[in-house]
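Novice: My structure file protein.cif, mmCIF, C-alpha atoms, is below:
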data_start
loop_
_atom_site.label_atom_id
_atom_site.label_comp_id
_atom_site.auth_asym_id
_atom_site.auth_seq_id
_atom_site.Cartn_x
_atom_site.Cartn_y
_atom_site.Cartn_z
CA MET R 61 146.02 8.64 167.45
CA THR R 62 144.37 9.30 170.82
CA VAL R 63 145.94 7.92 173.99
CA VAL R 64 143.39 6.85 176.60
CA THR R 65 144.88 7.49 180.02
CA ALA R 66 141.86 7.44 182.35
CA PRO R 67 138.25 6.24 182.45
CA GLY R 68 136.15 8.21 180.02
CA GLY R 69 132.51 9.00 179.42
CA PRO R 70 130.29 10.03 182.31
CA GLN R 71 132.44 8.07 184.78
CA ALA R 72 134.96 10.95 184.81
CA ASN R 73 134.04 14.55 185.62
CA ALA R 74 137.14 15.75 183.77
CA ARG R 75 140.24 14.05 182.36
CA PRO R 76 143.31 14.74 180.24
CA PHE R 77 143.05 14.47 176.47
CA LEU R 78 146.16 13.52 174.55
CA TYR R 79 146.68 13.27 170.81
CA GLY R 80 149.51 10.73 170.85
CA ASP R 81 152.37 12.89 169.59
CA GLU R 82 153.04 13.98 173.18
CA ILE R 83 154.91 10.71 173.77
CA THR R 84 157.33 11.41 170.94
CA ALA R 85 157.78 15.00 172.11
CA VAL R 86 158.59 13.96 175.69
CA ALA R 87 161.03 11.32 174.43
CA ARG R 88 162.76 14.00 172.37
CA ALA R 89 163.02 16.24 175.43
CA LEU R 90 164.37 13.38 177.53
CA GLU R 91 167.00 12.57 174.94
CA SER R 92 168.15 16.20 174.96
CA GLY R 93 169.38 15.81 178.52
CA GLN R 94 167.97 19.24 179.41
CA TYR R 95 165.05 18.78 181.79
CA GLY R 96 164.78 22.18 183.43
CA HIS R 97 164.06 25.43 181.66
CA GLY R 98 165.47 25.20 178.16
CA ALA R 99 165.01 25.72 174.45
CA GLU R 100 161.77 23.71 174.44
CA THR R 101 160.30 26.04 177.06
CA GLU R 102 161.33 29.14 175.13
CA ALA R 103 159.87 27.74 171.90
CA PHE R 104 156.60 27.10 173.73
CA GLU R 105 156.57 30.69 174.99
CA ARG R 106 157.04 32.05 171.46
CA GLU R 107 154.29 29.82 170.09
CA LEU R 108 151.89 30.85 172.86
CA ALA R 109 152.60 34.52 172.16
CA ALA R 110 151.97 34.02 168.45
CA TYR R 111 148.70 32.19 169.12
CA LEU R 112 147.46 34.90 171.49
CA ASP R 113 148.82 37.69 169.28
CA VAL R 114 150.75 39.29 172.16
CA PRO R 115 154.38 40.42 172.37
CA ASP R 116 155.46 37.95 175.06
CA VAL R 117 154.39 35.10 177.33
CA VAL R 118 156.26 33.84 180.40
CA ALA R 119 155.78 30.13 181.05
CA VAL R 120 155.85 28.90 184.66
CA ALA R 121 155.40 25.69 186.64
CA THR R 122 151.69 25.97 187.52
CA GLY R 123 148.69 28.24 187.24
CA THR R 124 149.05 29.06 190.93
CA ALA R 125 152.65 30.13 190.36
CA ALA R 126 151.42 32.32 187.50
CA LEU R 127 148.94 34.09 189.79
CA HIS R 128 151.55 34.54 192.53
CA LEU R 129 154.13 36.05 190.17
CA ALA R 130 151.56 38.24 188.41
CA LEU R 131 150.37 39.70 191.71
CA LEU R 132 153.97 40.45 192.71
CA ALA R 133 154.59 42.03 189.30
CA ALA R 134 151.49 44.18 189.86
CA GLY R 135 153.05 45.50 193.06
CA VAL R 136 150.89 43.59 195.55
CA ARG R 137 152.64 43.62 198.90
CA PRO R 138 151.88 42.82 202.55
CA GLY R 139 148.94 44.89 203.82
CA ASP R 140 147.36 45.29 200.37
CA GLU R 141 143.95 43.98 199.38
CA VAL R 142 143.02 42.02 196.27
CA VAL R 143 139.37 41.81 195.28
CA VAL R 144 138.42 38.27 194.24
CA PRO R 145 135.19 36.29 193.93
CA SER R 146 134.60 33.71 196.61
CA LEU R 147 133.42 31.25 193.94
CA THR R 148 136.79 30.11 192.62
CA PHE R 149 139.35 27.40 193.22
CA CYS R 150 141.26 28.10 196.44
CA ALA R 151 144.49 28.62 194.44
CA SER R 152 143.27 32.13 193.57
CA VAL R 153 143.18 33.03 197.25
CA GLN R 154 146.36 31.22 198.21
CA ALA R 155 148.27 33.24 195.61
CA ILE R 156 147.04 36.44 197.27
CA LEU R 157 148.11 35.23 200.69
CA ALA R 158 151.51 34.21 199.32
CA CYS R 159 152.12 37.90 198.62
CA GLY R 160 151.27 38.80 202.22
CA ALA R 161 148.10 40.50 200.99
CA ARG R 162 144.53 39.76 202.01
CA PRO R 163 141.52 38.80 199.91
CA ARG R 164 138.37 40.90 199.75
CA PHE R 165 135.65 38.50 198.63
CA VAL R 166 132.87 39.52 196.25
CA ASP R 167 129.77 37.99 194.70
CA VAL R 168 129.20 36.70 191.18
CA ASP R 169 126.50 37.12 188.55
CA PRO R 170 123.98 34.23 188.82
CA ALA R 171 123.69 34.07 185.01
CA THR R 172 127.42 33.50 184.41
CA LEU R 173 128.98 32.60 187.79
CA CYS R 174 131.61 35.25 186.96
CA THR R 175 132.17 38.43 188.88
CA SER R 176 131.43 41.72 187.12
CA ALA R 177 132.85 45.23 186.86
CA ASP R 178 130.15 46.43 189.27
CA HIS R 179 130.98 43.76 191.86
CA LEU R 180 134.68 44.57 191.73
CA CYS R 181 134.32 48.34 191.86
CA ALA R 182 131.84 48.21 194.73
CA ALA R 183 134.44 46.36 196.81
CA LEU R 184 137.35 48.79 196.29
CA THR R 185 138.96 50.32 199.36
CA PRO R 186 141.99 52.56 199.86
CA ASP R 187 144.00 49.35 200.39
CA THR R 188 143.01 47.74 197.09
CA ARG R 189 146.05 47.04 194.94
CA ALA R 190 144.57 44.60 192.42
CA VAL R 191 141.32 43.02 191.29
CA MET R 192 141.21 39.39 190.20
CA PRO R 193 138.33 38.52 187.89
CA VAL R 194 137.98 34.73 187.61
CA LEU R 195 136.90 33.54 184.17
CA TYR R 196 134.66 30.77 185.46
CA GLY R 197 134.06 27.99 182.96
CA GLY R 198 136.17 29.81 180.38
CA ARG R 199 133.92 32.84 179.87
CA ALA R 200 135.69 36.20 179.47
CA VAL R 201 134.94 39.01 181.94
CA ASP R 202 134.59 42.42 180.30
CA LEU R 203 136.18 45.16 182.40
CA THR R 204 136.45 47.67 179.55
CA SER R 205 134.09 50.12 181.26
CA VAL R 206 136.22 50.35 184.43
CA ARG R 207 139.75 49.84 183.14
CA GLU R 208 140.59 53.57 183.12
CA HIS R 209 138.97 54.05 186.53
CA LEU R 210 141.11 51.28 188.00
CA ALA R 211 144.28 52.51 186.31
CA ALA R 212 143.71 56.02 187.71
CA GLN R 213 143.81 54.50 191.20
CA ASP R 214 146.88 52.38 190.38
CA ILE R 215 144.83 49.19 190.75
CA ALA R 216 145.99 46.34 188.52
CA ILE R 217 143.79 43.79 186.80
CA VAL R 218 145.18 40.28 187.30
CA GLU R 219 142.99 37.87 185.35
CA ASP R 220 142.61 34.35 186.67
CA ALA R 221 142.07 32.78 183.24
CA ALA R 222 142.90 29.24 184.38
CA HIS R 223 139.75 28.00 182.60
CA ALA R 224 139.89 30.30 179.63
CA PHE R 225 142.78 29.57 177.29
CA GLY R 226 141.55 30.19 173.75
CA SER R 227 138.43 32.13 174.73
CA ARG R 228 137.72 35.57 173.33
CA LEU R 229 136.57 39.00 174.43
CA GLY R 230 135.28 40.50 171.20
CA PRO R 231 137.96 40.18 168.52
CA LEU R 232 140.77 39.51 171.04
CA ARG R 233 141.83 36.29 172.68
CA VAL R 234 141.80 36.30 176.47
CA GLY R 235 145.32 37.42 177.32
CA ALA R 236 145.47 40.08 174.62
CA THR R 237 143.39 42.75 176.37
CA GLY R 238 146.33 44.49 178.05
CA ASP R 239 145.91 43.04 181.53
CA LEU R 240 148.13 40.67 183.47
CA THR R 241 146.55 37.37 182.46
CA CYS R 242 147.31 34.01 184.06
CA PHE R 243 146.67 30.60 182.50
CA SER R 244 146.81 27.09 183.89
CA PHE R 245 147.94 24.11 181.82
CA ASP R 246 147.34 21.37 184.36
CA ALA R 247 146.16 17.87 183.50
CA ILE R 248 142.48 18.59 182.83
CA LYS R 249 142.73 21.96 181.11
CA ALA R 250 141.84 22.44 177.44
CA LEU R 251 145.56 22.82 176.78
CA THR R 252 147.59 20.63 179.11
CA CYS R 253 151.31 20.41 179.80
CA GLY R 254 150.68 17.74 182.43
CA ASP R 255 151.21 20.67 184.76
CA GLY R 256 152.14 24.22 183.93
CA GLY R 257 151.01 27.81 183.61
CA ALA R 258 151.80 31.11 181.97
CA VAL R 259 151.60 34.84 182.52
CA VAL R 260 150.96 37.40 179.79
CA PRO R 261 152.95 40.47 180.89
CA ARG R 262 151.92 44.05 180.16
CA THR R 263 155.38 45.38 179.30
CA ALA R 264 158.84 44.17 178.35
CA GLY R 265 160.12 45.24 181.76
CA GLU R 266 157.43 43.24 183.47
CA ALA R 267 158.32 40.20 181.35
CA ALA R 268 161.96 40.49 182.45
CA ALA R 269 160.92 40.77 186.10
CA LEU R 270 158.67 37.72 185.79
CA ARG R 271 161.52 35.71 184.24
CA ARG R 272 163.87 36.68 187.07
CA ALA R 273 161.24 35.81 189.68
CA ARG R 274 160.56 32.35 188.22
CA ALA R 275 164.33 31.62 188.27
CA LEU R 276 165.07 32.40 191.94
CA GLY R 277 165.81 36.06 191.18
CA ILE R 278 168.68 35.24 188.81
CA PRO R 279 168.71 37.26 185.58
CA GLN R 280 171.31 35.15 183.75
CA THR R 281 170.22 32.24 181.59
CA ARG R 282 171.28 28.69 182.37
CA ALA R 283 173.80 28.87 179.51
CA GLU R 284 175.21 32.16 180.80
CA ARG R 285 175.57 30.75 184.32
CA GLY R 286 177.30 27.65 182.99
CA ALA R 287 179.85 29.71 181.06
CA ALA R 288 180.72 32.04 183.97
CA VAL R 289 182.35 31.63 187.37
CA SER R 290 179.46 33.34 189.15
CA TYR R 291 175.96 34.73 188.72
CA THR R 292 173.82 37.46 190.29
CA VAL R 293 170.71 37.18 192.46
CA GLU R 294 168.92 40.48 191.95
CA ASP R 295 165.45 39.94 193.46
CA THR R 296 163.34 37.65 195.57
CA GLY R 297 162.56 34.64 193.43
CA PHE R 298 161.09 31.17 193.29
CA ARG R 299 161.70 27.86 191.57
CA TYR R 300 158.76 28.37 189.21
CA HIS R 301 160.23 27.49 185.82
CA LEU R 302 158.37 25.26 183.34
CA SER R 303 160.44 22.17 182.53
CA THR R 304 161.27 21.19 178.97
CA LEU R 305 159.33 17.95 179.49
CA HIS R 306 156.14 19.84 180.28
CA ALA R 307 156.77 22.38 177.53
CA ALA R 308 157.17 19.56 174.99
CA ILE R 309 153.69 18.31 175.84
CA GLY R 310 152.31 21.84 175.65
CA ARG R 311 153.74 22.44 172.19
CA VAL R 312 151.95 19.39 170.80
CA GLN R 313 148.74 20.45 172.50
CA LEU R 314 148.98 24.00 171.16
CA ALA R 315 149.52 22.80 167.59
CA ARG R 316 146.27 20.79 167.86
CA PHE R 317 144.33 23.38 169.84
CA PRO R 318 141.85 24.31 167.06
CA GLU R 319 140.64 20.70 167.23
CA MET R 320 140.25 20.96 171.00
CA GLU R 321 138.33 24.21 170.68
CA THR R 322 135.89 22.60 168.25
CA ARG R 323 135.46 19.46 170.38
CA ARG R 324 134.65 21.44 173.52
CA LYS R 325 132.21 23.78 171.80
CA ILE R 326 130.33 20.85 170.22
CA LEU R 327 130.22 19.02 173.55
CA TRP R 328 128.82 22.05 175.37
CA THR R 329 126.17 22.79 172.73
CA THR R 330 125.16 19.11 172.74
CA TYR R 331 124.63 19.39 176.49
CA GLU R 332 122.69 22.64 176.10
CA THR R 333 120.26 20.98 173.68
CA ALA R 334 119.92 17.80 175.75
CA LEU R 335 119.21 19.71 178.97
CA CYS R 336 116.95 22.49 177.69
CA GLU R 337 113.64 20.79 178.49
CA ILE R 338 114.53 19.20 181.81
CA GLU R 339 112.50 20.74 184.61
CA ASN R 340 114.46 22.26 187.51
CA VAL R 341 117.69 22.52 185.48
CA THR R 342 119.21 25.83 184.37
CA VAL R 343 122.35 25.71 182.21
CA VAL R 344 124.88 28.40 183.16
CA ASP R 345 125.53 30.39 179.99
CA LEU R 346 129.13 30.33 178.80
CA ASP R 347 128.65 32.46 175.66
CA VAL R 348 129.90 29.45 173.72
CA THR R 349 130.45 31.44 170.51
CA ASN R 350 133.33 33.24 172.23
CA THR R 351 134.32 30.65 174.82
CA VAL R 352 136.36 27.47 174.80
CA PRO R 353 134.26 25.75 177.49
CA PHE R 354 136.00 24.23 180.47
CA THR R 355 132.87 22.99 182.25
CA CYS R 356 129.17 22.42 181.80
CA THR R 357 127.60 23.75 184.98
CA VAL R 358 123.91 23.69 185.80
CA LEU R 359 121.82 25.08 188.62
CA VAL R 360 119.47 22.71 190.41
CA PRO R 361 117.15 24.05 193.16
CA ALA R 362 118.83 23.90 196.55
CA PRO R 363 116.42 21.42 198.16
CA LEU R 364 117.30 18.94 195.39
CA ARG R 365 120.98 19.53 194.60
CA ASP R 366 122.61 17.42 197.31
CA GLU R 367 120.21 14.52 196.79
CA VAL R 368 120.76 14.63 193.02
CA HIS R 369 124.54 14.77 193.50
CA THR R 370 124.51 11.72 195.79
CA ARG R 371 122.23 9.66 193.56
CA LEU R 372 124.14 10.45 190.34
CA ARG R 373 127.50 9.63 191.90
CA ALA R 374 126.07 6.32 193.12
CA ALA R 375 124.89 5.63 189.57
CA GLY R 376 128.38 6.18 188.14
CA ILE R 377 127.76 9.69 186.80
CA ALA R 378 130.74 11.78 187.97
CA VAL R 379 129.06 15.06 188.80
CA GLY R 380 130.87 17.58 190.98
CA VAL R 381 130.46 20.95 192.67
CA HIS R 382 132.94 23.65 191.62
CA TYR R 383 133.84 25.20 193.96
CA PRO R 384 133.40 25.35 197.74
CA LEU R 385 133.06 29.03 198.64
CA ASN R 386 136.35 30.40 199.89
CA HIS R 387 134.97 32.93 202.34
CA LEU R 388 133.50 29.98 204.28
CA GLN R 389 136.77 28.02 204.38
CA PRO R 390 138.58 27.77 207.74
CA ALA R 391 141.83 29.06 206.25
CA PHE R 392 140.18 32.25 205.02
CA HIS R 393 137.45 32.90 207.60
CA ARG R 394 139.14 35.95 209.09
CA TRP R 395 138.44 37.86 205.85
CA ALA R 396 134.86 36.59 205.46
CA SER R 397 131.82 38.77 205.10
CA PRO R 398 128.30 37.66 204.14
CA LEU R 399 127.80 36.97 200.45
CA PRO R 400 124.17 35.83 200.35
CA ARG R 401 124.00 35.60 196.55
CA SER R 402 127.07 33.39 196.28
CA GLU R 403 125.90 31.28 199.22
CA SER R 404 122.50 30.77 197.59
CA LEU R 405 124.07 29.95 194.21
CA TRP R 406 126.57 27.50 195.66
CA ARG R 407 123.74 25.38 197.06
CA GLN R 408 122.45 24.99 193.47
CA ILE R 409 125.66 24.39 191.47
CA LEU R 410 126.24 21.03 189.81
CA SER R 411 129.13 20.39 187.41
CA LEU R 412 128.32 17.70 184.86
CA PRO R 413 130.95 15.35 183.38
CA PHE R 414 132.76 17.36 180.73
CA HIS R 415 135.83 16.27 178.79
CA PRO R 416 136.57 15.98 175.08
CA ALA R 417 136.65 12.19 175.04
CA MET R 418 132.89 12.23 175.68
CA THR R 419 130.49 11.41 172.86
CA ALA R 420 126.99 12.65 172.12
CA ASN R 421 125.71 9.34 173.51
CA ASP R 422 127.56 10.06 176.77
CA VAL R 423 125.87 13.45 176.99
CA HIS R 424 122.43 11.94 176.46
CA THR R 425 123.22 9.30 179.10
CA VAL R 426 124.02 12.06 181.60
CA ALA R 427 120.91 14.06 180.64
CA ALA R 428 118.64 11.02 180.98
CA ALA R 429 120.15 10.14 184.35
CA LEU R 430 119.76 13.72 185.54
CA ARG R 431 116.11 13.82 184.47
CA ARG R 432 115.39 10.49 186.18
CA THR R 433 117.27 11.43 189.33
CA LEU R 434 115.54 14.78 189.63
CA ARG R 435 112.20 13.04 189.45
CA LEU R 436 113.21 10.59 192.19
CA ALA R 437 114.75 13.29 194.37
CA THR R 438 111.66 15.48 194.03
CA SER R 439 109.40 12.58 195.01
CA THR R 440 111.56 11.77 198.03
CA ILE R 441 111.63 15.36 199.27
CA ASP R 442 107.89 15.80 198.66
CA ALA R 443 107.16 12.60 200.58
CA GLU R 444 109.29 13.73 203.51
CA ALA R 445 107.57 17.11 203.53
CA THR R 446 104.06 15.62 203.62
CA ALA R 447 104.72 12.71 205.98
CA PRO R 448 102.78 13.00 209.27
CA ALA R 449 104.81 13.76 212.33
CA GLN R 450 105.75 10.67 214.33
CA VAL R 451 103.90 10.60 217.69
CA PRO R 452 105.41 8.42 220.41
CA ASP R 453 103.20 5.55 221.59
CA GLN R 454 103.65 6.49 225.21
CA LEU R 455 104.67 9.74 226.81
CA GLU R 456 107.45 9.58 229.31
CA ALA R 457 106.24 10.16 232.84
CA PRO R 458 107.22 13.46 234.44
CA ARG R 459 110.18 13.35 236.75
#
Could you write out this file's structure as structure tokens?
Specialist:
Amino acid sequence: MTVVTAPGGPQANARPFLYGDEITAVARALESGQYGHGAETEAFERELAAYLDVPDVVAVATGTAALHLALLAAGVRPGDEVVVPSLTFCASVQAILACGARPRFVDVDPATLCTSADHLCAALTPDTRAVMPVLYGGRAVDLTSVREHLAAQDIAIVEDAAHAFGSRLGPLRVGATGDLTCFSFDAIKALTCGDGGAVVPRTAGEAAALRRARALGIPQTRAERGAAVSYTVEDTGFRYHLSTLHAAIGRVQLARFPEMETRRKILWTTYETALCEIENVTVVDLDVTNTVPFTCTVLVPAPLRDEVHTRLRAAGIAVGVHYPLNHLQPAFHRWASPLPRSESLWRQILSLPFHPAMTANDVHTVAAALRRTLRLATSTIDAEATAPAQVPDQLEAPR
């Protein structure tokens, strides 16, 4: 059974998708009386590790918490730099600042909206401690060619794979390539816990450090603390654990994830076919064979994008723009430098409604509305461009 929790179809840009068993799972967790970190959380971690084919996964409260802890585990400290694309959700940058480090913004590839090995390496400085490729839309970023070069300079790769759970890089799932990989399981992700995240550690020691850090620096388990008269605080830490309630939802979602993967791939390919002949629309390639798509993003020429966005929203088509460029944000302006390619691309980006409750008819509704709106927007802009200049009837007398 599917539980409908929000408006569907083109009226929502993104929305949670539940299978129904989540209600039973949450009830079971509630009845256990253990709502913090517990056995449900640890079972979810083991199941995630088995799915990704990695030795360990550390579950945390949010994707932002995952990025923060991963950067700390990578040794990022005050005064360090982390190279990150400007085209990402601001959480990527806030996690860097939470470490006392500073972002060094880079461009993205217009074909994928992901940064590349060349972009990252060109931005390295003596202060670089980590690079943060963002897997925009769910597409993997291949850093194989520069991994040894980065390692030789003691520069960590911290993947922001918030969009990319289930995607692949060659034969490996994202998360199994040997880097510090961070996932988000918030409400609209392909795998949701309601809210949550996870880090794939590189070593057993790193996993232990991440677990201490998510539990306020305390190495003892809840059971060990309850059975003793005291406990030890060994490191700086945070209240970043994933609750059993959220983990219970995640376990149901993970068990059904092959269905989600299929739904999202079909939805994206349906969009690709429906949009292929619309003039002034370019679909951003997600390499759907290897990607569990998170979005369907198109590029619309800059003179038209804002007009199209306004008209579609007014017509009940929930398009969006993901994301505002971070190097132009007031909070981050001190680290800004010109990124003309990203700035040009941002003026063209349009995110179409994309969630697994959508049907093929919904996709064709969006495509038809986009085609019609582009035609109207083009006519409006052309008319404004060719309209004669307004001449006042009477010139004001000189003073």
Novice: Assuming the chain letters and numbering stay as they are in my file, what does the PyMOL selection byres ((chain R and resi 95-110) around 7) actually select? List them as a list in words.
Specialist: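 The output of the PyMOL selection byres ((chain R and resi 95-110) around 7) on this file is Leu90, Gly93, Gln94, Tyr111, Leu112, Asp113, Val114, Pro115, Asp116, Val117, Val118, Ala119, His301, Leu302, Ser303, Thr304, Leu305, Ala307, Ala308 and Arg311 of chain R.
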Novice: Where does stretch 241-356 of chain R meet stretch 147-168 of chain R within 12 Å, residue by residue, with the nearest atom pair and distance in Å to one decimal for each, counting all atoms listed in the file, listed by chain and rising number, as CSV?
Specialist:
residue,atom,partner,partner_atom,distance
R:Cys242,CA,R:Ser152,CA,10.5
R:Phe243,CA,R:Ser152,CA,11.7
R:Ser244,CA,R:Ala151,CA,10.9
R:Thr296,CA,R:Cys159,CA,11.6
R:Phe298,CA,R:Ala158,CA,11.7
Novice: Please indicate the distance in Å from atom CA of R:Ala275 to atom CA of R:Leu129, rounded to one decimal place.
Specialist: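 So the answer is 11.3 Å.
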Novice: Can you translate the PyMOL selection byres ((chain R and resi 297) around 12) into the concrete residues it hits in this file, as a list in words?
Specialist: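 With the PyMOL selection byres ((chain R and resi 297) around 12) on this model, the match is Ala125, His128, Leu129, Leu132, Ala133, Ala269, Leu270, Arg271, Arg272, Ala273, Arg274, Ala275, Leu276, Gly277, Ile278, Pro279, Val293, Glu294, Asp295, Thr296, Phe298, Arg299, Tyr300 and His301 of chain R.
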Novice: To one decimal place in Å, what is the distance between atom CA of R:Asp214 and atom CA of R:Arg189?
Specialist: 7.1 Å
Novice: Taking the file as I've supplied it (selection: the PyMOL selection byres ((chain R and resi 379) around 10)), which residues are included? Please answer as a ChimeraX atom specification.
Specialist: /R:70-74,357,368-373,376-378,380-382,410-414,426,430
Novice: Do you have the atom CA of R:Lys325-atom CA of R:Asp220 distance handy?
Specialist: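 Here the two named atoms are 21.0 Å from each other.
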Novice: When you count only C-alpha atoms, which of these residues is closest to R:Val348: R:Ala417, R:Ala224, R:Ala211, R:Ala89?
Specialist: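 The shortest atom-to-atom distance to R:Val348 comes from R:Ala224.
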Novice: For R:Gly197, which residue among R:His424, R:Arg324, R:Arg137, R:Arg432 is the nearest when counting only C-alpha atoms?
Specialist: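 Result for the nearest residue to R:Gly197: R:Arg324.
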Novice: Is there a way to complete stretch 202-221 of chain R with N, CA, C and O atoms and then write that out as a short mmCIF file (atom, residue, chain, number, x, y, z; two decimals), in the frame of the given file?
Specialist:
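In the end it all went to result_17.cif:
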data_model
loop_
_atom_site.label_atom_id
_atom_site.label_comp_id
_atom_site.auth_asym_id
_atom_site.auth_seq_id
_atom_site.Cartn_x
_atom_site.Cartn_y
_atom_site.Cartn_z
N ASP R 202 134.34 41.14 180.97
CA ASP R 202 134.59 42.42 180.30
C ASP R 202 134.72 43.54 181.32
O ASP R 202 133.74 43.93 181.96
N LEU R 203 135.93 44.04 181.49
CA LEU R 203 136.18 45.16 182.40
C LEU R 203 136.51 46.44 181.64
O LEU R 203 137.06 47.39 182.21
N THR R 204 136.14 46.50 180.37
CA THR R 204 136.45 47.67 179.55
C THR R 204 135.94 48.95 180.18
O THR R 204 136.63 49.99 180.19
N SER R 205 134.73 48.91 180.74
CA SER R 205 134.09 50.12 181.26
C SER R 205 134.79 50.68 182.49
O SER R 205 134.60 51.87 182.82
N VAL R 206 135.60 49.87 183.18
CA VAL R 206 136.22 50.35 184.43
C VAL R 206 137.74 50.33 184.36
O VAL R 206 138.40 50.66 185.34
N ARG R 207 138.30 49.97 183.22
CA ARG R 207 139.75 49.84 183.14
C ARG R 207 140.46 51.17 183.44
O ARG R 207 141.44 51.22 184.19
N GLU R 208 139.97 52.26 182.86
CA GLU R 208 140.59 53.57 183.12
C GLU R 208 140.41 53.99 184.57
O GLU R 208 141.32 54.57 185.18
N HIS R 209 139.24 53.72 185.12
CA HIS R 209 138.97 54.05 186.53
C HIS R 209 139.95 53.32 187.45
O HIS R 209 140.52 53.92 188.38
N LEU R 210 140.18 52.05 187.19
CA LEU R 210 141.11 51.28 188.00
C LEU R 210 142.55 51.77 187.81
O LEU R 210 143.30 51.91 188.79
N ALA R 211 142.92 52.04 186.58
CA ALA R 211 144.28 52.51 186.31
C ALA R 211 144.55 53.84 187.01
O ALA R 211 145.66 54.08 187.50
N ALA R 212 143.54 54.71 187.06
CA ALA R 212 143.71 56.02 187.71
C ALA R 212 143.99 55.86 189.20
O ALA R 212 144.60 56.75 189.82
N GLN R 213 143.55 54.74 189.78
CA GLN R 213 143.81 54.50 191.20
C GLN R 213 144.99 53.55 191.42
O GLN R 213 145.22 53.09 192.53
N ASP R 214 145.72 53.28 190.32
CA ASP R 214 146.88 52.38 190.38
C ASP R 214 146.47 50.99 190.88
O ASP R 214 147.18 50.37 191.69
N ILE R 215 145.32 50.52 190.41
CA ILE R 215 144.83 49.19 190.75
C ILE R 215 144.98 48.31 189.52
O ILE R 215 144.44 48.62 188.45
N ALA R 216 145.72 47.23 189.65
CA ALA R 216 145.99 46.34 188.52
C ALA R 216 144.86 45.33 188.35
O ALA R 216 144.17 44.96 189.30
N ILE R 217 144.68 44.89 187.11
CA ILE R 217 143.79 43.79 186.80
C ILE R 217 144.66 42.55 186.58
O ILE R 217 145.50 42.53 185.68
N VAL R 218 144.47 41.55 187.43
CA VAL R 218 145.18 40.28 187.30
C VAL R 218 144.12 39.23 187.00
O VAL R 218 143.39 38.80 187.89
N GLU R 219 144.03 38.81 185.75
CA GLU R 219 142.99 37.87 185.35
C GLU R 219 143.37 36.44 185.73
O GLU R 219 144.44 35.96 185.36
N ASP R 220 142.47 35.78 186.44
CA ASP R 220 142.61 34.35 186.67
C ASP R 220 141.88 33.66 185.51
O ASP R 220 140.68 33.40 185.56
N ALA R 221 142.63 33.39 184.45
CA ALA R 221 142.07 32.78 183.24
C ALA R 221 142.45 31.30 183.17
O ALA R 221 142.65 30.76 182.08
#
